[in-house]
Amino acid sequence: MLAEKTLSCGVVIVAAGRGERAGSHAEGPKQYRRIGGRPVISHTLDLFVNWQPARRIVVVIHKDDEALFETARAAALPAGDRLTVVHGGATRQQSVLAGLEALADEDITHVLIQDAVRPFVEPAMLERTLAAFHNGARAVLPAVAVADTLKRADANGNVAETVSRSGLFAAQTPQSFHFAAILEAHRRASVSGHDDFTDDAAIAEWAGVRVHLVEGSAGNVKLTLQKDIAMADQRLSHGLPDVRTGNGYDVHQLVEGDGVTLCGIFIPHDQKLSGHSDADVALHALTDALLATCGAGDIGDHFPPSDMQWKGAASRIFLEHAAAIVRKNGGTIMNADVSLIAEAPKIGPHRETMRKNLSDMLGISLDRCSVKATTNEKIGFVGRREGIAAIATATVVYRGTDA
């Protein structure tokens with residue numbers, strides 16, 4: 001069984017195809033057609049940029065599509081230095097190998113290979129993939145059991161026989177692998193001249209790697225034909241976006257001490273905040289705000305003060321846990337805002353470091369993180385320097401998981 005701390009994931013998004021079956025279009029190949037107002041590949045990018053285990057993301061594009069990709073990239077969530085772009089080859093197999101080679105010098109243990117034109121992967125499917133890796137799988141294939149009756153036709157277009165669907169599955173992506181194993185398999189296939197594999201799982205099978213099935217999703221469709229793109233656009237555009245706002249409030253008592261921890265920053269002070277953990281009132285309020293966006297209770301439900309393992313714990317543990325719950329439920333964190341209410345210490349000198357901490361903990365860009373501070377004009381418990389309060393607001397966009 002693989003220890004969780006040793007798993008480091010890369011992602012290869014294959015986007016070099018021409019998409020002839022979708023027909024010609026002024027917007028370019030199908031991965032750049034617009035659904036829900038944005039290019040298909042922008043939706044796919046969002047999924048993996050928002051997926052915390054993805055340490056590196058490689059997008060394989062056609063050499064003629066650089067301008068199209070830059071437009072699509074601008075419409076997606078910012079990926080920072082996690083994103084690399086390389087040119088693909090004449091076949092999908094060659095393009096995947098180019099993407100894998102781009103990860104060869106990275107500290108990657110596992111890789112997910114994803115079609116750019118499958119923009120509806122559910123976070124729960126990625127969690128099933130990770131669980132399979134932790135249980136020792138070296139190759140993981142999401143698949144859906146075939147439900148339709150299958151027929152084999154003869155050369156004249158007549159039914160030759162009915163094929164049993166027992167044990168048959170339709171393969172999806174991302175297809176995921178132990179990185180060294182799939183890279184070696186692809187290299188061997190390239191050198192040996194085998195270029196007729198229909199997917200990466202087939203290459204793994206050919207190389208002797210056992211492929212483990214996990215549950216796919218009926219909604220995880222591949223956009224192949226023009227009608228698929230039209231249906232995807234309708235799916236994303238049929239109603240208002242699911243934007244949710246959560247609020248959190250917390251207060252901790254000030255007692256005699258040597259400093260306070262706020263937004264993960266220790267600030268020397270003649271008092272400290274009293275609490276079971278490090279009493280970071282800002283992160284506690286923001287944790288509650290995030291949990292509120294998906295009805296997941298509050299911080300006390302997940303980290304009860306009666307549990308001694310959280311005594312003195314860093315509150316970033318709580319915030320990162322809440323962010324993971326949001327993402328598991330299909331949420332994309334768009335904004336985090338914290339207001340601190342305290343007479344002292346001064347927050348201004350530490351504001352930018354606090355914002356950077358929130359950006360790192362939540363995996364979102366700095367411009368989406370806000371920290372503000374005000375006094376209570378010497379009124380009430382805050383004004384008497386008996387405590388510090390925090391109000392937090394989180395904005396999260398959720399996407400539906402219906403098929």
# chains A, B, ... in the order shown; residues from 1 in each chain; ligands from 1
$ residues_around --residues "Ala314 in chain A" --least-positions-apart "2" --cutoff "8 Å" --atoms "only C-alpha atoms" --output "MDAnalysis selection string"
chainID A and resid 264 277:278 312 316:318
$ residues_around --residues "Thr149 in chain A" --least-positions-apart "3" --cutoff "9 Å" --atoms "only C-alpha atoms" --output "mmCIF file with N, CA and C atoms, in the first residue's frame"
data_model
loop_
_atom_site.group_PDB
_atom_site.id
_atom_site.type_symbol
_atom_site.label_atom_id
_atom_site.label_comp_id
_atom_site.auth_asym_id
_atom_site.auth_seq_id
_atom_site.Cartn_x
_atom_site.Cartn_y
_atom_site.Cartn_z
ATOM 1 N N VAL A 146 -21.339 -1.214 -19.795
ATOM 2 C CA VAL A 146 -22.154 -1.069 -20.997
ATOM 3 C C VAL A 146 -23.589 -1.486 -20.679
ATOM 4 N N THR A 162 -25.393 -11.084 -31.879
ATOM 5 C CA THR A 162 -25.557 -10.282 -30.678
ATOM 6 C C THR A 162 -24.408 -10.593 -29.738
ATOM 7 N N VAL A 163 -23.753 -9.544 -29.262
ATOM 8 C CA VAL A 163 -22.580 -9.704 -28.405
ATOM 9 C C VAL A 163 -22.998 -9.530 -26.949
ATOM 10 N N SER A 164 -22.604 -10.470 -26.124
ATOM 11 C CA SER A 164 -22.917 -10.352 -24.705
ATOM 12 C C SER A 164 -22.227 -9.133 -24.105
ATOM 13 N N ARG A 165 -22.977 -8.341 -23.354
ATOM 14 C CA ARG A 165 -22.397 -7.154 -22.709
ATOM 15 C C ARG A 165 -21.865 -7.464 -21.317
#
$ atom_distance --atom1 "CA of Ala131 in chain A" --atom2 "CA of Asp148 in chain A"
29.2 Å
$ select_by_dssp --residues "range 80-306 of chain A" --states "alpha helix (DSSP H)" --output "PyMOL selection string"
chain A and resi 92-102+123-134+179-192+200-206+226-237+281-292+299-302
$ residues_around --residues "Leu290 in chain A" --least-positions-apart "4" --cutoff "12 Å" --atoms "only C-alpha atoms" --output "PyMOL selection string"
chain A and resi 244-249+283-286+294-299+318-327+329+331-338+362+392-397
$ atom_distance --atom1 "CA of Met361 in chain A" --atom2 "CA of Asp105 in chain A"
26.1 Å
$ atom_distance --atom1 "CA of Val86 in chain A" --atom2 "CA of Ala102 in chain A"
7.6 Å
$ closest_residue --among "A:Phe169, A:Tyr32, A:Trp310, A:Phe303" --to "Glu66 in chain A" --atoms "only C-alpha atoms"
A:Tyr32
$ closest_atom_pairs --of "range 42-135 of chain A" --to "range 178-196 of chain A" --cutoff "7 Å" --atoms "only C-alpha atoms" --output "Markdown table"
| residue | atom | partner | partner_atom | distance |
| --- | --- | --- | --- | --- |
| A:Gln93 | CA | A:Asp195 | CA | 6.8 |
| A:Leu97 | CA | A:His186 | CA | 6.2 |
| A:Leu100 | CA | A:Leu183 | CA | 6.3 |
| A:Ile108 | CA | A:Phe179 | CA | 6.8 |
| A:Thr109 | CA | A:Phe179 | CA | 5.3 |
| A:His110 | CA | A:Phe179 | CA | 4.4 |
| A:Val111 | CA | A:Phe179 | CA | 5.4 |
$ write_last_selection --atoms "C-alpha atoms" --output "PDB file, in the first residue's frame"
ATOM      1  CA  GLN A  93      -0.088   8.430 -28.882  1.00  0.00           C
ATOM      2  CA  LEU A  97       4.457  10.681 -25.045  1.00  0.00           C
ATOM      3  CA  LEU A 100       4.978  12.471 -20.394  1.00  0.00           C
ATOM      4  CA  ILE A 108       6.240  12.931 -10.137  1.00  0.00           C
ATOM      5  CA  THR A 109       5.180   9.484  -8.942  1.00  0.00           C
ATOM      6  CA  HIS A 110       1.806   9.236 -10.724  1.00  0.00           C
ATOM      7  CA  VAL A 111       0.218  10.829 -13.760  1.00  0.00           C
TER       8      VAL A 111
END
$ closest_residue --among "A:Ala16, A:Leu126, A:Ala104, A:Val85" --to "Val214 in chain A" --atoms "only C-alpha atoms"
A:Leu126
$ closest_residue --among "A:Cys263, A:Ile391, A:Leu273, A:Ala170" --to "Asp360 in chain A" --atoms "only C-alpha atoms"
A:Cys263
$ closest_residue --among "A:Ala147, A:Ile347, A:Glu352, A:Lys272" --to "Glu256 in chain A" --atoms "only C-alpha atoms"
A:Lys272
$ residues_around --residues "Leu340 in chain A" --least-positions-apart "2" --cutoff "8 Å" --atoms "only C-alpha atoms" --output "number ranges by chain"
A: 282, 338, 342, 371-374, 388-391
$ write_last_selection --atoms "C-alpha atoms" --output "short mmCIF file (atom, residue, chain, number, x, y, z; two decimals), in the first residue's frame"
data_model
loop_
_atom_site.label_atom_id
_atom_site.label_comp_id
_atom_site.auth_asym_id
_atom_site.auth_seq_id
_atom_site.Cartn_x
_atom_site.Cartn_y
_atom_site.Cartn_z
CA ALA A 282 -9.14 34.57 11.35
CA VAL A 338 -11.30 38.22 6.30
CA ALA A 342 -8.89 44.27 17.28
CA VAL A 371 -7.45 40.75 4.73
CA LYS A 372 -8.76 43.88 6.43
CA ALA A 373 -8.60 45.17 9.97
CA THR A 374 -10.45 47.69 12.09
CA ILE A 388 -10.15 39.63 19.03
CA ALA A 389 -12.99 38.91 16.61
CA ALA A 390 -13.01 37.96 12.94
CA ILE A 391 -15.66 37.98 10.23
#
$ residues_around --residues "His212 in chain A" --least-positions-apart "3" --cutoff "9 Å" --atoms "only C-alpha atoms" --output "ChimeraX atom specification"
/A:132,137-142
$ closest_residue --among "A:His134, A:Arg56, A:Arg73, A:Arg118" --to "Glu106 in chain A" --atoms "only C-alpha atoms"
A:Arg56
$ residues_around --residues "Glu161 in chain A" --least-positions-apart "3" --cutoff "12 Å" --atoms "only C-alpha atoms" --output "PyMOL selection string"
chain A and resi 149-154+157-158+164
$ select_by_dssp --residues "range 226-296 of chain A" --states "strand (DSSP E or B)" --output "ChimeraX atom specification"
/A:242-256,259-262,265-268,271-273
$ residues_around --residues "range 228-231 of chain A" --least-positions-apart "2" --cutoff "9 Å" --atoms "only C-alpha atoms" --output "PyMOL selection string"
chain A and resi 22+30+33-35+40+221-226+233-236
$ closest_residue --among "A:Gly37, A:Pro119, A:Gly10, A:Pro78" --to "Asp107 in chain A" --atoms "only C-alpha atoms"
A:Gly10
$ decode --residues "range 324-364 of chain A" --atoms "N, CA and C atoms" --output "short mmCIF file (atom, residue, chain, number, x, y, z; two decimals), in the first residue's frame"
data_model
loop_
_atom_site.label_atom_id
_atom_site.label_comp_id
_atom_site.auth_asym_id
_atom_site.auth_seq_id
_atom_site.Cartn_x
_atom_site.Cartn_y
_atom_site.Cartn_z
N ALA A 324 -10.66 21.31 1.08
CA ALA A 324 -10.74 19.98 0.44
C ALA A 324 -12.18 19.50 0.37
N ILE A 325 -12.97 19.76 1.41
CA ILE A 325 -14.38 19.37 1.40
C ILE A 325 -15.13 20.13 0.31
N VAL A 326 -14.85 21.41 0.18
CA VAL A 326 -15.48 22.21 -0.88
C VAL A 326 -15.17 21.62 -2.25
N ARG A 327 -13.91 21.30 -2.49
CA ARG A 327 -13.52 20.78 -3.81
C ARG A 327 -14.11 19.39 -4.05
N LYS A 328 -14.17 18.59 -3.01
CA LYS A 328 -14.75 17.25 -3.17
C LYS A 328 -16.22 17.34 -3.56
N ASN A 329 -16.87 18.42 -3.17
CA ASN A 329 -18.28 18.62 -3.51
C ASN A 329 -18.46 19.38 -4.82
N GLY A 330 -17.36 19.56 -5.56
CA GLY A 330 -17.45 20.20 -6.88
C GLY A 330 -17.33 21.70 -6.86
N GLY A 331 -16.82 22.26 -5.77
CA GLY A 331 -16.73 23.71 -5.65
C GLY A 331 -15.38 24.27 -6.09
N THR A 332 -15.42 25.46 -6.66
CA THR A 332 -14.22 26.22 -7.00
C THR A 332 -14.21 27.47 -6.14
N ILE A 333 -13.19 27.61 -5.29
CA ILE A 333 -13.10 28.77 -4.40
C ILE A 333 -12.71 29.99 -5.23
N MET A 334 -13.57 31.00 -5.22
CA MET A 334 -13.33 32.18 -6.03
C MET A 334 -12.75 33.34 -5.23
N ASN A 335 -13.11 33.44 -3.96
CA ASN A 335 -12.68 34.61 -3.19
C ASN A 335 -12.75 34.29 -1.70
N ALA A 336 -11.81 34.86 -0.95
CA ALA A 336 -11.80 34.72 0.51
C ALA A 336 -11.51 36.09 1.11
N ASP A 337 -12.36 36.51 2.03
CA ASP A 337 -12.23 37.84 2.62
C ASP A 337 -12.32 37.72 4.14
N VAL A 338 -11.33 38.28 4.84
CA VAL A 338 -11.30 38.22 6.30
C VAL A 338 -11.21 39.64 6.85
N SER A 339 -12.07 39.96 7.80
CA SER A 339 -12.00 41.23 8.53
C SER A 339 -11.67 40.94 9.98
N LEU A 340 -10.58 41.50 10.45
CA LEU A 340 -10.16 41.34 11.84
C LEU A 340 -10.58 42.57 12.64
N ILE A 341 -11.10 42.35 13.83
CA ILE A 341 -11.55 43.43 14.69
C ILE A 341 -10.74 43.36 15.98
N ALA A 342 -9.81 44.31 16.13
CA ALA A 342 -8.89 44.27 17.28
C ALA A 342 -8.33 45.66 17.53
N GLU A 343 -8.09 45.97 18.79
CA GLU A 343 -7.42 47.22 19.13
C GLU A 343 -5.91 47.11 18.92
N ALA A 344 -5.40 45.91 19.14
CA ALA A 344 -3.96 45.66 19.01
C ALA A 344 -3.79 44.14 18.88
N PRO A 345 -2.73 43.69 18.24
CA PRO A 345 -1.63 44.44 17.63
C PRO A 345 -2.03 45.02 16.28
N LYS A 346 -1.14 45.79 15.68
CA LYS A 346 -1.42 46.37 14.36
C LYS A 346 -1.33 45.28 13.29
N ILE A 347 -2.31 45.26 12.41
CA ILE A 347 -2.38 44.24 11.36
C ILE A 347 -1.70 44.71 10.07
N GLY A 348 -1.73 46.02 9.82
CA GLY A 348 -1.23 46.56 8.56
C GLY A 348 0.13 46.04 8.12
N PRO A 349 1.15 46.01 9.01
CA PRO A 349 2.47 45.56 8.57
C PRO A 349 2.52 44.09 8.14
N HIS A 350 1.49 43.33 8.51
CA HIS A 350 1.49 41.90 8.22
C HIS A 350 0.45 41.51 7.17
N ARG A 351 -0.28 42.47 6.66
CA ARG A 351 -1.41 42.19 5.79
C ARG A 351 -1.02 41.38 4.54
N GLU A 352 0.04 41.80 3.86
CA GLU A 352 0.40 41.12 2.61
C GLU A 352 0.87 39.69 2.86
N THR A 353 1.59 39.47 3.96
CA THR A 353 2.00 38.10 4.30
C THR A 353 0.79 37.25 4.63
N MET A 354 -0.19 37.84 5.30
CA MET A 354 -1.42 37.12 5.61
C MET A 354 -2.15 36.73 4.32
N ARG A 355 -2.25 37.65 3.39
CA ARG A 355 -2.90 37.35 2.10
C ARG A 355 -2.17 36.23 1.38
N LYS A 356 -0.85 36.29 1.41
CA LYS A 356 -0.07 35.23 0.75
C LYS A 356 -0.33 33.88 1.41
N ASN A 357 -0.45 33.88 2.72
CA ASN A 357 -0.76 32.64 3.43
C ASN A 357 -2.11 32.07 2.99
N LEU A 358 -3.12 32.94 2.91
CA LEU A 358 -4.44 32.47 2.47
C LEU A 358 -4.37 31.92 1.05
N SER A 359 -3.62 32.60 0.18
CA SER A 359 -3.46 32.13 -1.20
C SER A 359 -2.85 30.74 -1.24
N ASP A 360 -1.82 30.52 -0.44
CA ASP A 360 -1.15 29.22 -0.40
C ASP A 360 -2.06 28.14 0.18
N MET A 361 -2.75 28.45 1.25
CA MET A 361 -3.60 27.46 1.92
C MET A 361 -4.79 27.04 1.07
N LEU A 362 -5.35 28.00 0.33
CA LEU A 362 -6.55 27.73 -0.44
C LEU A 362 -6.27 27.36 -1.89
N GLY A 363 -5.03 27.58 -2.34
CA GLY A 363 -4.69 27.26 -3.72
C GLY A 363 -5.34 28.18 -4.73
N ILE A 364 -5.53 29.45 -4.36
CA ILE A 364 -6.10 30.43 -5.28
C ILE A 364 -5.14 31.61 -5.39
#
